Amino acid sequence: MFNIYLDFASTTSVDPQVVKAMAPYWTDIFGNPSNLYEIGRQAFSALEKSRDSIAKNLNCLSEEIIFTSGGTESCNLALQGLARNFPQGHIIISAIEHHAVLNSANYLKRQGFDLTIVKPEKNGIIDPQKIKDAICDKTFLISVMWVNNEIGTIQPIKKISRMLERINQQRIARAQKKIYFHTDACQAGLYIKIDFKKITADLLSLNGSKIYGPKGAGILFVRQKTPLAPLFFGGDQELGLRPGTQPVALYVGLAKAIELVENLREKENKRLAKLQNYLMKKLRQKFPNIILNGDEKKRIAANVNISVPAVEGEALSLMLDEEAVMVATGSACASSDLKPSHVLTALGISDELAHSSIRITMGRSTTKKDLDYFLISLEKVYKKLKQISAITEFL
Amino acid sequence: MKYDIVKNSQGWVYSETVKKHFFHPKNFIRGDSPRWKFNGYGESGSAACGDVMRNWIFVDKRSQKINRFGWKTYGCASAIASTSILSEMLLENGGMKINDALKITPTDILDRLGDLPIKKVHCSVLGDRALKNAIADYFKFSSEKMVGK
């Protein structure tokens, strides 16, 4: 079937090498890794080899890796799991977090915790100073995503983590409690080298389905001595933090996916940057009034998020779908709560422009030819919707 | 539930009727306003809310029938489709009498559209409101306002 998929930030396909690596663990080595007999031991060995491989690639200890069902669970475990060990306190998150963090934080607020939501600058980047300003004596958790899923902006995680390190040293000297730092790196893994020794985050979430790995597999990195409690109870798998029989095949696949990412990252980043430049140049030529959402430079090479004034994003994406082109939109009409994207509105973009936004995210299989086809399709459907539109111009 | 999300084999969220009117909308106006004579104009919605509809009618004074109807809509697929289907309802059988047109409810538009995802229902409300505004405009200014070519 012919189609142009430009929604890789939503999810990626599973790399064939990942599928191959997972294959033996569905029917042959299907054992429960907690069992002592042979296929149990084999499954256990595969699980721990996967953990070791990931730990090596991300420069952390194997014990610091907790396997989960994906990014959402990792973020929930990070925020709520930590908060369970604090009777009360203050949490800081950014306004452009994924709903997994945003709604976990809002839930904790309803449970009696204080919450500060720090707005980004107009370019979609969080100013570390504003995080610093929000810190108070009661603060015990800060969560800022590494790369935003909608606009692809790269957050100054290293700066924030260094800043927190200094603050924590002062706090410990004053016999105050440490502030823990979580970063949702689900959208960062493909493009940014994650070195758990270099960033001093205590908690970090990763998701298999965004990195050509299997859906249903994720990781929460938990730095040693981070007081985390499980969200649900059962056996002692994953240090008791995430009970339940591990789906070994998924985690074998996840380890393979991470290995491939490490090998391909540099080359892919260069290739995608060229495509991104080309796409932006052509978009600006063909649609002089489009607006790029998020910083032009401080963004991952795969992401282009634009507002196309006077046409609505859901209509645009459905008409593109008819042309076999798949993109995402931040329009309210495409969301379940009928509200425009909280990320775009946090940037100070008008609701009108948020309704008119589409997100193009490229991936390993994207070619220049794909982009040319996309541009032709966009021109065609834009012309059609513009003709129908009741808005001739707005900004 | 009658208007819940359509589950068809293609997995499209809208009914075939919605799809047809979205991809091939009827009676919309190219350009800023109709090239034909109109005696009523109305609008509803706001860009901030994601849907704006403008419509123009020409009411034949003697028969009190809507002879011409044209529209422009900024909005999602169901907003476009519901306005298009409203135009079809108004113009078939030689035009609807304005007394009947005033009685059009969102439910009438929905019935005609077939199923619509429940969260999208507000979009069709837009059409009947904009139409009522156009008819009110016709009543108010019918004597002096005869514009267009």
# chains A, B, ... in the order shown; residues from 1 in each chain; ligands from 1
$ residues_around --residues "region 32-40 of chain B" --least-positions-apart "3" --cutoff "12 Å" --atoms "only C-alpha atoms" --output "PyMOL selection string"
(chain A and resi 386-393) or (chain B and resi 27-29+43+54-61+64+66-73+98+130-149)
$ interface_residues --of "chain B" --to "chain A" --cutoff "6 Å" --atoms "only C-alpha atoms" --output "short mmCIF file (atom, residue, chain, number, x, y, z; two decimals) with all heavy atoms, in the first residue's frame"
data_model
loop_
_atom_site.label_atom_id
_atom_site.label_comp_id
_atom_site.auth_asym_id
_atom_site.auth_seq_id
_atom_site.Cartn_x
_atom_site.Cartn_y
_atom_site.Cartn_z
N ARG B 30 -16.91 30.54 -3.50
CA ARG B 30 -15.51 30.83 -3.80
C ARG B 30 -15.32 32.34 -3.70
O ARG B 30 -16.19 33.08 -4.13
CB ARG B 30 -15.15 30.38 -5.22
CG ARG B 30 -15.08 28.88 -5.35
CD ARG B 30 -15.19 28.47 -6.81
NE ARG B 30 -15.88 27.18 -6.90
CZ ARG B 30 -15.24 26.00 -6.87
NH1 ARG B 30 -13.94 25.96 -6.78
NH2 ARG B 30 -15.92 24.86 -6.95
N ALA B 47 -13.05 31.87 15.46
CA ALA B 47 -11.82 31.18 15.08
C ALA B 47 -11.13 30.57 16.29
O ALA B 47 -10.54 29.50 16.21
CB ALA B 47 -10.88 32.15 14.36
N ALA B 48 -11.24 31.27 17.44
CA ALA B 48 -10.59 30.77 18.65
C ALA B 48 -11.17 29.42 19.07
O ALA B 48 -10.48 28.58 19.61
CB ALA B 48 -10.74 31.77 19.77
N GLY B 50 -12.38 27.31 16.94
CA GLY B 50 -12.05 26.33 15.91
C GLY B 50 -13.06 26.20 14.79
O GLY B 50 -12.84 25.46 13.85
N MET B 53 -18.57 29.96 10.68
CA MET B 53 -19.37 29.75 9.49
C MET B 53 -20.02 31.06 9.07
O MET B 53 -20.50 31.82 9.90
CB MET B 53 -20.45 28.73 9.75
CG MET B 53 -21.20 28.41 8.49
SD MET B 53 -22.78 27.71 8.87
CE MET B 53 -23.59 27.97 7.31
N LYS B 72 -19.48 29.61 3.67
CA LYS B 72 -18.04 29.40 3.84
C LYS B 72 -17.81 28.94 5.27
O LYS B 72 -18.40 29.48 6.20
CB LYS B 72 -17.24 30.69 3.61
CG LYS B 72 -17.17 31.12 2.16
CD LYS B 72 -16.30 32.34 1.96
CE LYS B 72 -14.86 31.98 1.66
NZ LYS B 72 -14.65 31.39 0.34
N THR B 73 -17.00 27.92 5.45
CA THR B 73 -16.75 27.41 6.80
C THR B 73 -15.27 27.18 7.04
O THR B 73 -14.58 26.61 6.21
CB THR B 73 -17.53 26.10 7.03
OG1 THR B 73 -18.92 26.40 7.13
CG2 THR B 73 -17.11 25.40 8.32
N TYR B 74 -14.82 27.68 8.20
CA TYR B 74 -13.50 27.31 8.70
C TYR B 74 -13.77 26.32 9.82
O TYR B 74 -14.50 26.63 10.76
CB TYR B 74 -12.78 28.55 9.25
CG TYR B 74 -11.61 28.23 10.15
CD1 TYR B 74 -10.36 27.92 9.63
CD2 TYR B 74 -11.75 28.21 11.54
CE1 TYR B 74 -9.28 27.61 10.45
CE2 TYR B 74 -10.68 27.91 12.37
CZ TYR B 74 -9.45 27.60 11.82
OH TYR B 74 -8.40 27.30 12.64
N GLY B 75 -13.22 25.13 9.71
CA GLY B 75 -13.46 24.17 10.78
C GLY B 75 -13.09 22.77 10.36
O GLY B 75 -12.55 22.55 9.27
N CYS B 76 -13.42 21.83 11.23
CA CYS B 76 -13.02 20.45 11.01
C CYS B 76 -13.94 19.79 9.98
O CYS B 76 -14.87 20.40 9.46
CB CYS B 76 -13.04 19.68 12.31
SG CYS B 76 -14.67 19.65 13.05
N ALA B 77 -13.68 18.53 9.70
CA ALA B 77 -14.42 17.81 8.68
C ALA B 77 -15.93 17.83 8.94
O ALA B 77 -16.71 18.06 8.01
CB ALA B 77 -13.92 16.37 8.61
#
$ residues_around --residues "region 214-219 of chain A" --least-positions-apart "6" --cutoff "6 Å" --atoms "only C-alpha atoms" --output "list in words"
Val14, Ile66, Phe67, Thr68, Ser69, Gly70, Gly71, Ser205, Leu206, Asn207, Gly208 and Leu250 of chain A
$ atom_distance --atom1 "CA of Leu115 (chain A)" --atom2 "CA of Leu203 (chain A)"
18.5 Å
$ atom_distance --atom1 "CA of Tyr107 (chain A)" --atom2 "CA of Leu82 (chain A)"
13.4 Å
$ residues_around --residues "Leu279 (chain A)" --least-positions-apart "5" --cutoff "10 Å" --atoms "only C-alpha atoms" --output "ChimeraX atom specification"
/A:273-274,284-285,304,360,368,371-372,374-375
$ write_last_selection --atoms "N, CA and C atoms" --output "short mmCIF file (atom, residue, chain, number, x, y, z; two decimals), in the first residue's frame"
data_model
loop_
_atom_site.label_atom_id
_atom_site.label_comp_id
_atom_site.auth_asym_id
_atom_site.auth_seq_id
_atom_site.Cartn_x
_atom_site.Cartn_y
_atom_site.Cartn_z
N ALA A 273 18.59 16.34 9.40
CA ALA A 273 18.78 17.80 9.43
C ALA A 273 18.70 18.37 8.01
N LYS A 274 19.28 17.63 7.06
CA LYS A 274 19.21 18.07 5.66
C LYS A 274 17.75 18.08 5.17
N ARG A 284 8.25 27.40 3.20
CA ARG A 284 8.23 28.87 3.22
C ARG A 284 8.08 29.46 1.83
N GLN A 285 8.62 28.75 0.83
CA GLN A 285 8.44 29.20 -0.56
C GLN A 285 6.98 29.08 -0.98
N VAL A 304 8.99 19.13 12.31
CA VAL A 304 8.56 20.42 11.76
C VAL A 304 7.11 20.59 12.19
N ILE A 360 4.73 17.54 11.39
CA ILE A 360 5.36 16.60 10.47
C ILE A 360 6.58 16.04 11.20
N LYS A 368 13.66 12.39 0.56
CA LYS A 368 13.35 13.68 -0.03
C LYS A 368 12.12 13.55 -0.94
N LEU A 371 9.00 13.89 0.94
CA LEU A 371 8.70 15.28 1.28
C LEU A 371 8.13 16.02 0.08
N ASP A 372 8.67 15.72 -1.11
CA ASP A 372 8.14 16.36 -2.32
C ASP A 372 6.68 15.98 -2.53
N PHE A 374 4.62 15.03 -0.20
CA PHE A 374 3.88 15.71 0.87
C PHE A 374 3.59 17.16 0.50
N LEU A 375 4.60 17.84 -0.02
CA LEU A 375 4.45 19.26 -0.37
C LEU A 375 3.38 19.46 -1.46
#
